[in-house]
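Take a look at the structure set out below.
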Amino acid sequence: MPLSLSRRNFLKTIGAGGVCLATGRPLPAAKPERASDKLLDEIERRACRYFYEMGDPNTGLVRDRASAHEPYAPSAASIAATGFGLSALAIAVSRGFLERSPAQERVRTTLKFFCERADQEHGFFYHFMDSDTGKRIWKSEASSIDTAWLLCGVLHSSGFWEDPEIRKFATEILNRVDWEWMLNGRQTLSHGWTPENGFLHYQWDAYSEVLAMYLLAIGSETHPIPASSWKAFARPMHDYQGMFFIDAGAPLFVHQYSHAWFDFRERQDRYADYFRNSVRATEAHRQFCLSYSRQFPWYGPDMWGVTASDSSTGYRTWCSPSNPPDGTLVPCAAGGSLAFLPMLCGAVLQNMYDQYGDKIWTKYGFVDAFHPKEKWFSRYALGIDQGIILLMAENLRTGSVWNSVMSTPQARRAMDTAGFHAHESIA
């Protein structure tokens with residue numbers, strides 16, 4: 001079904017009254033596009049708006065979540081969302097959603113803040129911070145994985161902006177992270193550290209969203225961990241209806257996040273083609289959802305996808321028959337896999353938009369989750385949801401995030417140290 005631009009006024013300026021958001025000037029002429037491309041345009045535009053409007057102008061910290069009906073106010077910020085936000089600013093400039101000067105200044109402000117004022121421990125930042133002070137909140141941990149998502153945005157910024165100050169700040173942030181300390185004397189990285197209890201008991205010792213984190217750690221210029229740590233985390237093989245892929249029984253997002261920044265296409269190490277692995281995991285996830293279509297008739301070939309999300313009963317992590325879905329749908333499940341299965345995942349986003357419209361579609365894009373039968377629709381857009389859809393849509397269309405990140409010496413050194421080599425991917 002074609003996207004109705006008149007119904008949503010998709011190509012109107014969405015930042016009327018704002019400093020410079022979203023084209024107070026005409027967009028460049030474009031070639032005719034399919035309807036799904038028009039939806040992707042607007043998904044990207046609205047996600048970029050989220051990161052600009054929900055980023056604190058003095059710290060750059062991005063709110064973890066926001067209602068589209070409320071203006072920015074200081075609240076809980078996520079360092080993972082802030083990493084996505086740094087990448088969003090580069091995409092916004094490339095696509096003409098935001099003028100270069102204010103975007104560049106916001107990146108500079110953000111990196112300077114993390115260099116000089118944000119609470120940190122051995123270079124690792126607290127999972128959640130107050131957006132206008134950068135102070136730790138909720139007794140959250142200095143998180144290894146969430147710091148990694150921030151660092152991915154920092155690395156992207158270093159590769160994208162030809163700005164000596166941005167690159168200086170980025171280098172300082174990247175080089176300060178003491179990855180050796182986070183090993184805590186083991187072969188695999190700890191989940192994090194708190195002032196009250198020291199290192200958390202859990203290790204990143206099995207395949208999940210860890211690829212980017214371990215690449216950052218072994219590619220560090222100042223505090224690298226040994227290449228043997230890349231070999232140390234388990235890579236359990238999973239079989240779902242004859243589809244074999246590496247998986248430790250985690251939600252779909254673990255197959256997406258590292259691929260938002262690092263380009264694993266036509267590359268493999270001694271263990272796997274990780275891009276193809278995520279393609280298979282997405283295919284299996286689609287079949288997993290379709291197996292519930294009798295129980296939840298709104299699930300179908302073009303309407304599927306769950307991952308870690310809110311629900312009408314609270315936060316859930318749907319991922320396997322032992323933790324089955326309850327009929328909720330999560331747009332970022334398919335949206336975050338756009339680069340893996342473009343047509344199938346694009347059809348889901350198009351159908352969600354067409355069928356549920358303003359119930360799930362806001363000025364920031366799709367809400368976190370919804371349940372059609374219960375008529376429950378989340379009030380919130382989440383930074384990490386908007387971020388993974390945005391980056392994967394942009395990588396699908398231009399590869400620009402991959403290109404910027406892979407142009408950096410840190411990414412090249414990490415891939416070489418981990419033993420990646422080029423090969424022709426087999427579908």
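Residue names in the structure tokens use chain letters A, B, ... in the order shown, residue numbers from 1 in each chain, and ligand numbers from 1 in the order shown.
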Residues within 8 Å of region 45-56 of chain A, please, as a PDB file with C-alpha atoms, in the first residue's frame. Count only C-alpha atoms; anything in the same chain fewer than 2 positions from it doesn't count.
ATOM      1  CA  LEU A  21      15.828  21.362  12.382  1.00  0.00           C
ATOM      2  CA  ALA A  22      14.613  19.645   9.309  1.00  0.00           C
ATOM      3  CA  ASP A  41      13.229   9.086   4.668  1.00  0.00           C
ATOM      4  CA  GLU A  42      10.751  10.128   7.301  1.00  0.00           C
ATOM      5  CA  ILE A  43      11.859   7.507   9.813  1.00  0.00           C
ATOM      6  CA  ASN A  58      24.883  21.966  27.473  1.00  0.00           C
ATOM      7  CA  THR A  59      26.030  18.360  27.917  1.00  0.00           C
ATOM      8  CA  GLY A  60      24.883  16.538  24.771  1.00  0.00           C
ATOM      9  CA  LEU A  61      23.507  13.699  26.918  1.00  0.00           C
ATOM     10  CA  VAL A  62      20.444  12.172  25.250  1.00  0.00           C
ATOM     11  CA  ARG A  63      17.374  11.239  27.223  1.00  0.00           C
ATOM     12  CA  ALA A  66      10.638  10.744  25.750  1.00  0.00           C
ATOM     13  CA  TYR A  72      12.769  18.587  26.582  1.00  0.00           C
ATOM     14  CA  PRO A  74      16.301  17.268  32.275  1.00  0.00           C
ATOM     15  CA  THR A  82      24.023   9.361  23.463  1.00  0.00           C
ATOM     16  CA  GLY A  85      22.877  10.469  19.030  1.00  0.00           C
ATOM     17  CA  ALA A  88      22.521  10.735  14.285  1.00  0.00           C
ATOM     18  CA  LEU A  89      24.065  14.207  14.078  1.00  0.00           C
ATOM     19  CA  ILE A  91      23.439  11.456   9.416  1.00  0.00           C
ATOM     20  CA  ALA A  92      21.297  14.562   9.909  1.00  0.00           C
ATOM     21  CA  PHE A  97      17.941  17.493   8.115  1.00  0.00           C
ATOM     22  CA  SER A 131      20.998  14.645  31.400  1.00  0.00           C
ATOM     23  CA  ASP A 132      21.925  18.152  32.536  1.00  0.00           C
ATOM     24  CA  LYS A 363       7.072  13.245  15.605  1.00  0.00           C
ATOM     25  CA  TYR A 364      10.020  11.082  16.711  1.00  0.00           C
ATOM     26  CA  GLY A 365       9.012   8.013  14.710  1.00  0.00           C
ATOM     27  CA  GLY A 383      16.648   6.589  22.121  1.00  0.00           C
ATOM     28  CA  GLN A 386      15.269   5.234  17.239  1.00  0.00           C
ATOM     29  CA  GLY A 387      19.026   4.859  17.013  1.00  0.00           C
ATOM     30  CA  LEU A 390      18.154   5.077  12.009  1.00  0.00           C
TER      31      LEU A 390
END
Find the spatial neighbours of Arg65 (chain A), counting only C-alpha atoms, within a cut-off of 8 Å - ignore same-chain residues fewer than 6 positions away - and output them as a PyMOL selection string. chain A and resi 77+380-383
Just the selected residues (C-alpha atoms), exported as a PDB file, in the first residue's frame, please.
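Once written, selection32.pdb looks like this:
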ATOM      1  CA  ALA A  77      19.942  10.039  30.014  1.00  0.00           C
ATOM      2  CA  TYR A 380       7.362   6.682  24.594  1.00  0.00           C
ATOM      3  CA  ALA A 381       9.957   6.754  21.894  1.00  0.00           C
ATOM      4  CA  LEU A 382      13.263   5.300  23.140  1.00  0.00           C
ATOM      5  CA  GLY A 383      16.648   6.589  22.121  1.00  0.00           C
TER       6      GLY A 383
END
Give one line per residue of region 183-226 of chain A that approaches region 274-284 of chain A to at most 12 Å, naming the two atoms of the closest pair and their distance in Å to one decimal, counting only C-alpha atoms; sort by chain then ascending residue number and deliver it as a tab-separated table.
residue	atom	partner	partner_atom	distance
A:Tyr207	CA	A:Tyr274	CA	10.7
A:Ser208	CA	A:Ser278	CA	10.9
A:Glu209	CA	A:Ser278	CA	11.0
A:Val210	CA	A:Tyr274	CA	11.7
A:Leu211	CA	A:Tyr274	CA	9.1
A:Ala212	CA	A:Tyr274	CA	11.5
Store the residues picked out above in a file with C-alpha atoms, as a short mmCIF file (atom, residue, chain, number, x, y, z; two decimals), in the first residue's frame.
data_model
loop_
_atom_site.label_atom_id
_atom_site.label_comp_id
_atom_site.auth_asym_id
_atom_site.auth_seq_id
_atom_site.Cartn_x
_atom_site.Cartn_y
_atom_site.Cartn_z
CA TYR A 207 28.15 -14.34 22.01
CA SER A 208 25.65 -11.49 22.22
CA GLU A 209 26.00 -7.82 21.38
CA VAL A 210 29.68 -8.04 22.32
CA LEU A 211 31.40 -7.89 18.92
CA ALA A 212 31.83 -4.10 18.79
#
Residue list (strand (DSSP E or B), DSSP) for region 117-275 of chain A, as JSON, numbers by chain: {"A": [120, 121, 124, 125, 126, 128, 129, 130, 136, 142, 143, 190, 192, 193, 194, 198, 199, 203, 206, 234, 237, 238, 239, 240, 243, 244, 245, 246, 267, 268]}
Skip Ala260 (chain A) itself and residues of its chain fewer than 5 positions away, then list as a ChimeraX atom specification all residues within 8 Å of it, counting only C-alpha atoms. /A:388,391-392,395,401-402
With N, CA and C atoms retained, write the just-selected residues as a compact mmCIF listing (two decimals), in the first residue's frame.
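Just written: out_19.txt:
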# COMPACT_ATOMS: atom_id res chain seq x y z
N ILE A 388 18.88 2.47 16.58
CA ILE A 388 19.21 1.28 15.78
C ILE A 388 18.45 1.29 14.45
N LEU A 391 20.35 4.05 12.19
CA LEU A 391 21.66 3.67 11.67
C LEU A 391 21.57 2.53 10.67
N MET A 392 20.69 1.57 10.93
CA MET A 392 20.58 0.46 9.99
C MET A 392 19.89 0.89 8.70
N ASN A 395 22.68 2.71 6.84
CA ASN A 395 23.66 1.77 6.29
C ASN A 395 23.11 1.02 5.09
N VAL A 401 27.53 5.21 7.71
CA VAL A 401 28.06 4.99 9.06
C VAL A 401 29.19 3.97 9.01
N TRP A 402 28.96 2.87 8.31
CA TRP A 402 30.01 1.87 8.14
C TRP A 402 31.27 2.50 7.54
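CA of Ser312 (chain A) sits 8.3 Å away from CA of Phe377 (chain A).
The interatomic distance for the pair CA of Lys168 (chain A) and CA of Asn403 (chain A) works out to 20.3 Å.
The gap separating CA of Ala148 (chain A) from CA of Tyr202 (chain A) is 16.7 Å, in Å to one decimal.
Distances here use only C-alpha atoms; by that measure, the residue among A:Gly249, A:Gly399, A:Pro224, A:Pro409 closest to Leu183 (chain A) is A:Pro224.
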For Ala217 (chain A), please output as a ChimeraX atom specification all residues within 9 Å (counting only C-alpha atoms; exclusion window: fewer than 2 positions along the same chain). /A:148,177-180,212-215,219-220,223-226,414
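The environment of Thr109 (chain A) within 9 Å, counting only C-alpha atoms and disregarding residues fewer than 3 places along the same chain, consists of A:Pro57, A:Asn58, A:Thr59, A:Gly60, A:Gln104, A:Glu105, A:Arg106, A:Lys112, A:Phe113, A:Phe114.
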Deliver the residues from the most recent selection as a file, using C-alpha atoms, as an mmCIF file, in the first residue's frame.
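Output file out_36.cif is given in full below:
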data_model
loop_
_atom_site.group_PDB
_atom_site.id
_atom_site.type_symbol
_atom_site.label_atom_id
_atom_site.label_comp_id
_atom_site.auth_asym_id
_atom_site.auth_seq_id
_atom_site.Cartn_x
_atom_site.Cartn_y
_atom_site.Cartn_z
ATOM 1 C CA PRO A 57 22.209 21.546 24.783
ATOM 2 C CA ASN A 58 24.883 21.966 27.473
ATOM 3 C CA THR A 59 26.030 18.360 27.917
ATOM 4 C CA GLY A 60 24.883 16.538 24.771
ATOM 5 C CA GLN A 104 29.052 20.186 14.647
ATOM 6 C CA GLU A 105 28.803 22.398 17.724
ATOM 7 C CA ARG A 106 26.568 19.852 19.486
ATOM 8 C CA LYS A 112 34.099 18.062 25.557
ATOM 9 C CA PHE A 113 31.616 17.230 28.302
ATOM 10 C CA PHE A 114 32.624 13.570 28.351
#
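Remark: for Ile389 (chain A), the closest of the candidate residues A:Ala232, A:Leu40, A:Ala418, A:Ala76 is A:Leu40 (distances computed over only C-alpha atoms).
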Who sits within 12 Å of Glu162 (chain A), only C-alpha atoms, same chain under 2 positions skipped, as a count of residues only: 15
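The residue that comes closest to Ala334 (chain A), out of A:Leu252, A:Val405, A:Leu39, A:Ala272 and on the basis of only C-alpha atoms, is A:Leu252.
Minimum atom-to-atom distances from A:His371, A:Arg397, A:Arg413, A:His421 to Ile218 (chain A) were compared using only C-alpha atoms, and the lowest value belongs to A:Arg413.
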